[in-house]
Amino acid sequence: GQQLNQSPQSMFIQEGEDVSMNCTSSSIFNTWLWYKQDPGEGPVLLIALYKAGELTSNGRLTAQFGITRKDSFLNISASIPSDVGIYFCAGHFNTNAGKSTFGDGTTLTVKP
Amino acid sequence: DVKVTQSSRYLVKRTGEKVFLECVQDMDHENMFWYRQDPGLGLRLIYFSYDVKMKEKGDIPEGYSVSREKKERFSLILESASTNQTSMYLCASSPEDTQYFGPGTRLTVL
């Protein structure tokens with residue numbers, strides 16, 4: 001089946017630093033989504049991208065839908081302790097009955 | 001506000017027991033999903049359902065079954081729990097592309 005390669009697997013950064021993570025796929029997607037999972041909770045949607053080349057921001061978060069439709073990245077600027085968690089990318093193809101393909105996640109640790 | 005609830009946050013069962021994990025959504029979504037999450041392995045899809053009484057196997061269906069008798073409820077069943085099914089189980093629902101997750105059930109099988 002489809003697979004997403006998400007990197008890095010984990011990051012340890014200092015508060016105030018910027019963060020960048022990305023996902024690549026061998027297949028194209030119609031939609032790229034980024035989720036965040038806080039410790040002990042389910043993932044929550046951060047950003048959804050619907051168009052190749054689209055760049056979307058949500059506060060300190062910026063994500064882009066790659067022009068080839070096979071990749072996406074997420075940037076977090078000026079990290080804060082509450083950014084800690086696991087970030088998942090997901091690709092969605094319209095005919096898949098709501099099913100998305102998830103990356104394995106990037107675990108972010110922020111040191112105050 | 002969108003809401004997906006799961007019947008238990010923590011569950012401890014014995015090997016061989018039959019285990020039911022319940023998930024309810026209040027958003028009238030067609031699609032519902034069950035995942036298990038293990039460290040380093042991301043979210044692995046067990047089963048999903050795109051309509052009442054319809055189900056499809058995901059990537060790791062072995063040892064599990066599901067039931068969807070009503071649109072809002074999707075149940076995951078472990079017919080005979082084993083220790084390798086100790087994991088975090090996440091339910092989600094979706095109208096199309098975005099998935100809304102429940103808080104998860106951490107299941108321990110002794």
# chains A, B, ... in the order shown; residues from 1 in each chain; ligands from 1
call {"tool": "residues_around", "arguments": {"residues": "stretch 51-58 of chain B", "least_positions_apart": "5", "cutoff": "12 Å", "atoms": "only C-alpha atoms", "output": "number ranges by chain"}}
result
A: 1, 96-101; B: 28-36, 43-46, 63-76, 93-95
call {"tool": "residues_around", "arguments": {"residues": "A:Ala78", "least_positions_apart": "3", "cutoff": "10 Å", "atoms": "only C-alpha atoms", "output": "list in words"}}
result
Gln14, Glu15, Gly16, Glu17, Asp18, Val19, Arg60, Leu61, Asn75 and Asp83 of chain A
call {"tool": "closest_atom_pairs", "arguments": {"of": "chain A", "to": "chain B", "cutoff": "8 Å", "atoms": "only C-alpha atoms", "output": "JSON lines"}}
result
{"residue": "A:Thr31", "atom": "CA", "partner": "B:Asp97", "partner_atom": "CA", "distance": 7.4}
{"residue": "A:Leu33", "atom": "CA", "partner": "B:Thr98", "partner_atom": "CA", "distance": 7.5}
{"residue": "A:Gly40", "atom": "CA", "partner": "B:Pro103", "partner_atom": "CA", "distance": 7.4}
{"residue": "A:Glu41", "atom": "CA", "partner": "B:Pro103", "partner_atom": "CA", "distance": 4.7}
{"residue": "A:Gly42", "atom": "CA", "partner": "B:Pro103", "partner_atom": "CA", "distance": 4.5}
{"residue": "A:Pro43", "atom": "CA", "partner": "B:Phe101", "partner_atom": "CA", "distance": 6.0}
{"residue": "A:Val44", "atom": "CA", "partner": "B:Tyr100", "partner_atom": "CA", "distance": 6.9}
{"residue": "A:Leu45", "atom": "CA", "partner": "B:Thr98", "partner_atom": "CA", "distance": 7.4}
{"residue": "A:Ala48", "atom": "CA", "partner": "B:Thr98", "partner_atom": "CA", "distance": 7.8}
{"residue": "A:His92", "atom": "CA", "partner": "B:Asp97", "partner_atom": "CA", "distance": 6.2}
{"residue": "A:Asn94", "atom": "CA", "partner": "B:Asp97", "partner_atom": "CA", "distance": 7.7}
{"residue": "A:Ala97", "atom": "CA", "partner": "B:Tyr50", "partner_atom": "CA", "distance": 6.3}
{"residue": "A:Gly98", "atom": "CA", "partner": "B:Glu96", "partner_atom": "CA", "distance": 4.5}
{"residue": "A:Lys99", "atom": "CA", "partner": "B:Asp97", "partner_atom": "CA", "distance": 7.2}
{"residue": "A:Ser100", "atom": "CA", "partner": "B:Asp97", "partner_atom": "CA", "distance": 7.0}
{"residue": "A:Phe102", "atom": "CA", "partner": "B:Leu43", "partner_atom": "CA", "distance": 6.7}
{"residue": "A:Gly103", "atom": "CA", "partner": "B:Gly42", "partner_atom": "CA", "distance": 6.8}
{"residue": "A:Asp104", "atom": "CA", "partner": "B:Gly42", "partner_atom": "CA", "distance": 4.0}
{"residue": "A:Gly105", "atom": "CA", "partner": "B:Gly42", "partner_atom": "CA", "distance": 5.9}
call {"tool": "write_last_selection", "arguments": {"atoms": "all heavy atoms", "output": "short mmCIF file (atom, residue, chain, number, x, y, z; two decimals), in the first residue's frame"}}
result
data_model
loop_
_atom_site.label_atom_id
_atom_site.label_comp_id
_atom_site.auth_asym_id
_atom_site.auth_seq_id
_atom_site.Cartn_x
_atom_site.Cartn_y
_atom_site.Cartn_z
N THR A 31 -4.89 15.78 -0.84
CA THR A 31 -4.88 16.57 0.39
C THR A 31 -3.71 16.12 1.27
O THR A 31 -3.46 14.93 1.38
CB THR A 31 -6.20 16.37 1.19
OG1 THR A 31 -7.31 16.65 0.34
CG2 THR A 31 -6.26 17.27 2.41
N LEU A 33 -2.40 16.63 5.29
CA LEU A 33 -2.87 17.09 6.59
C LEU A 33 -1.75 16.91 7.61
O LEU A 33 -0.96 15.98 7.54
CB LEU A 33 -4.09 16.27 7.04
CG LEU A 33 -5.23 16.22 6.01
CD1 LEU A 33 -5.46 14.80 5.54
CD2 LEU A 33 -6.50 16.78 6.60
N GLY A 40 -0.87 11.57 25.97
CA GLY A 40 -2.07 11.01 26.57
C GLY A 40 -3.37 11.36 25.88
O GLY A 40 -4.45 11.06 26.40
N GLU A 41 -3.30 11.98 24.71
CA GLU A 41 -4.52 12.37 23.97
C GLU A 41 -4.50 11.84 22.56
O GLU A 41 -3.50 11.29 22.10
CB GLU A 41 -4.63 13.91 23.94
CG GLU A 41 -4.72 14.56 25.31
CD GLU A 41 -5.97 14.19 26.07
OE1 GLU A 41 -7.01 13.90 25.43
OE2 GLU A 41 -5.92 14.15 27.33
N GLY A 42 -5.62 12.01 21.83
CA GLY A 42 -5.66 11.65 20.43
C GLY A 42 -5.14 12.80 19.57
O GLY A 42 -5.12 13.95 20.01
N PRO A 43 -4.69 12.51 18.34
CA PRO A 43 -4.21 13.56 17.45
C PRO A 43 -5.31 14.57 17.12
O PRO A 43 -6.49 14.22 17.04
CB PRO A 43 -3.78 12.80 16.20
CG PRO A 43 -3.51 11.41 16.66
CD PRO A 43 -4.51 11.17 17.75
N VAL A 44 -4.88 15.80 16.89
CA VAL A 44 -5.80 16.89 16.54
C VAL A 44 -5.27 17.56 15.28
O VAL A 44 -4.06 17.78 15.15
CB VAL A 44 -5.90 17.92 17.69
CG1 VAL A 44 -6.70 19.13 17.26
CG2 VAL A 44 -6.53 17.28 18.91
N LEU A 45 -6.16 17.90 14.36
CA LEU A 45 -5.74 18.54 13.11
C LEU A 45 -5.14 19.92 13.37
O LEU A 45 -5.72 20.73 14.08
CB LEU A 45 -6.94 18.68 12.17
CG LEU A 45 -6.62 19.31 10.81
CD1 LEU A 45 -5.81 18.33 9.95
CD2 LEU A 45 -7.89 19.74 10.09
N ALA A 48 -4.67 21.77 7.12
CA ALA A 48 -5.04 20.96 5.96
C ALA A 48 -4.66 21.74 4.70
O ALA A 48 -4.88 22.95 4.62
CB ALA A 48 -6.53 20.67 5.97
N HIS A 92 -4.15 12.19 1.78
CA HIS A 92 -5.50 11.70 1.49
C HIS A 92 -5.75 11.78 -0.01
O HIS A 92 -5.42 12.78 -0.65
CB HIS A 92 -6.53 12.53 2.24
CG HIS A 92 -7.93 12.14 1.96
ND1 HIS A 92 -8.53 11.03 2.52
CD2 HIS A 92 -8.87 12.68 1.14
CE1 HIS A 92 -9.76 10.91 2.07
NE2 HIS A 92 -10.00 11.91 1.23
N ASN A 94 -8.90 11.33 -2.81
CA ASN A 94 -10.35 11.53 -2.75
C ASN A 94 -11.20 10.28 -2.84
O ASN A 94 -12.31 10.25 -2.32
CB ASN A 94 -10.80 12.50 -3.83
CG ASN A 94 -10.39 13.91 -3.51
OD1 ASN A 94 -9.96 14.19 -2.40
ND2 ASN A 94 -10.53 14.81 -4.47
N ALA A 97 -12.59 6.84 0.56
CA ALA A 97 -13.63 6.71 1.59
C ALA A 97 -13.18 7.23 2.94
O ALA A 97 -13.40 6.59 3.97
CB ALA A 97 -14.07 5.25 1.71
N GLY A 98 -12.53 8.37 2.96
CA GLY A 98 -12.12 8.98 4.22
C GLY A 98 -10.83 8.47 4.77
O GLY A 98 -10.32 8.99 5.76
N LYS A 99 -10.27 7.43 4.17
CA LYS A 99 -9.05 6.83 4.70
C LYS A 99 -7.84 7.67 4.30
O LYS A 99 -7.72 8.08 3.16
CB LYS A 99 -8.91 5.41 4.14
CG LYS A 99 -7.88 4.56 4.84
CD LYS A 99 -8.10 3.09 4.54
CE LYS A 99 -7.69 2.73 3.14
NZ LYS A 99 -6.46 1.94 3.10
N SER A 100 -6.98 7.94 5.27
CA SER A 100 -5.73 8.65 5.00
C SER A 100 -4.56 7.73 5.28
O SER A 100 -4.68 6.77 6.04
CB SER A 100 -5.61 9.89 5.90
OG SER A 100 -6.56 10.87 5.56
N PHE A 102 -0.95 7.68 7.03
CA PHE A 102 -0.24 8.45 8.04
C PHE A 102 1.26 8.16 8.01
O PHE A 102 1.68 7.02 7.80
CB PHE A 102 -0.77 8.14 9.45
CG PHE A 102 -2.07 8.80 9.76
CD1 PHE A 102 -3.27 8.22 9.36
CD2 PHE A 102 -2.11 10.01 10.43
CE1 PHE A 102 -4.49 8.84 9.62
CE2 PHE A 102 -3.32 10.63 10.71
CZ PHE A 102 -4.51 10.05 10.30
N GLY A 103 2.05 9.20 8.27
CA GLY A 103 3.47 9.00 8.53
C GLY A 103 3.64 8.43 9.94
O GLY A 103 2.69 8.37 10.71
N ASP A 104 4.87 8.03 10.27
CA ASP A 104 5.13 7.42 11.58
C ASP A 104 5.27 8.42 12.70
O ASP A 104 5.37 8.04 13.86
CB ASP A 104 6.40 6.55 11.52
CG ASP A 104 6.16 5.25 10.78
OD1 ASP A 104 4.98 4.91 10.54
OD2 ASP A 104 7.15 4.58 10.43
N GLY A 105 5.28 9.70 12.37
CA GLY A 105 5.31 10.72 13.41
C GLY A 105 6.69 11.26 13.70
O GLY A 105 7.70 10.56 13.54
#
call {"tool": "atom_distance", "arguments": {"atom1": "atom CA of B:Ala81", "atom2": "atom CA of B:Val12"}}
result
10.6 Å
call {"tool": "atom_distance", "arguments": {"atom1": "atom CA of A:Ser20", "atom2": "atom CA of A:Thr62"}}
result
9.5 Å
call {"tool": "select_by_dssp", "arguments": {"residues": "chain B", "states": "strand (DSSP E or B)", "output": "number ranges by chain"}}
result
B: 4-6, 10-13, 19-25, 31-38, 42-51, 54-57, 65-70, 73-78, 87-94, 100-101, 105-109
call {"tool": "atom_distance", "arguments": {"atom1": "atom CA of A:Ser79", "atom2": "atom CA of A:Gln37"}}
result
15.9 Å
call {"tool": "residues_around", "arguments": {"residues": "B:Asn84", "least_positions_apart": "6", "cutoff": "12 Å", "atoms": "only C-alpha atoms", "output": "PyMOL selection string"}}
result
chain B and resi 14-16+36+38+62-63+78+107-110
call {"tool": "residues_around", "arguments": {"residues": "B:Ser7", "least_positions_apart": "3", "cutoff": "7 Å", "atoms": "only C-alpha atoms", "output": "PyMOL selection string"}}
result
chain B and resi 21-23
call {"tool": "closest_residue", "arguments": {"among": "A:Gln9, A:Ser26, A:Gln3, A:Asn58", "to": "A:Ala90", "atoms": "only C-alpha atoms"}}
result
A:Gln3
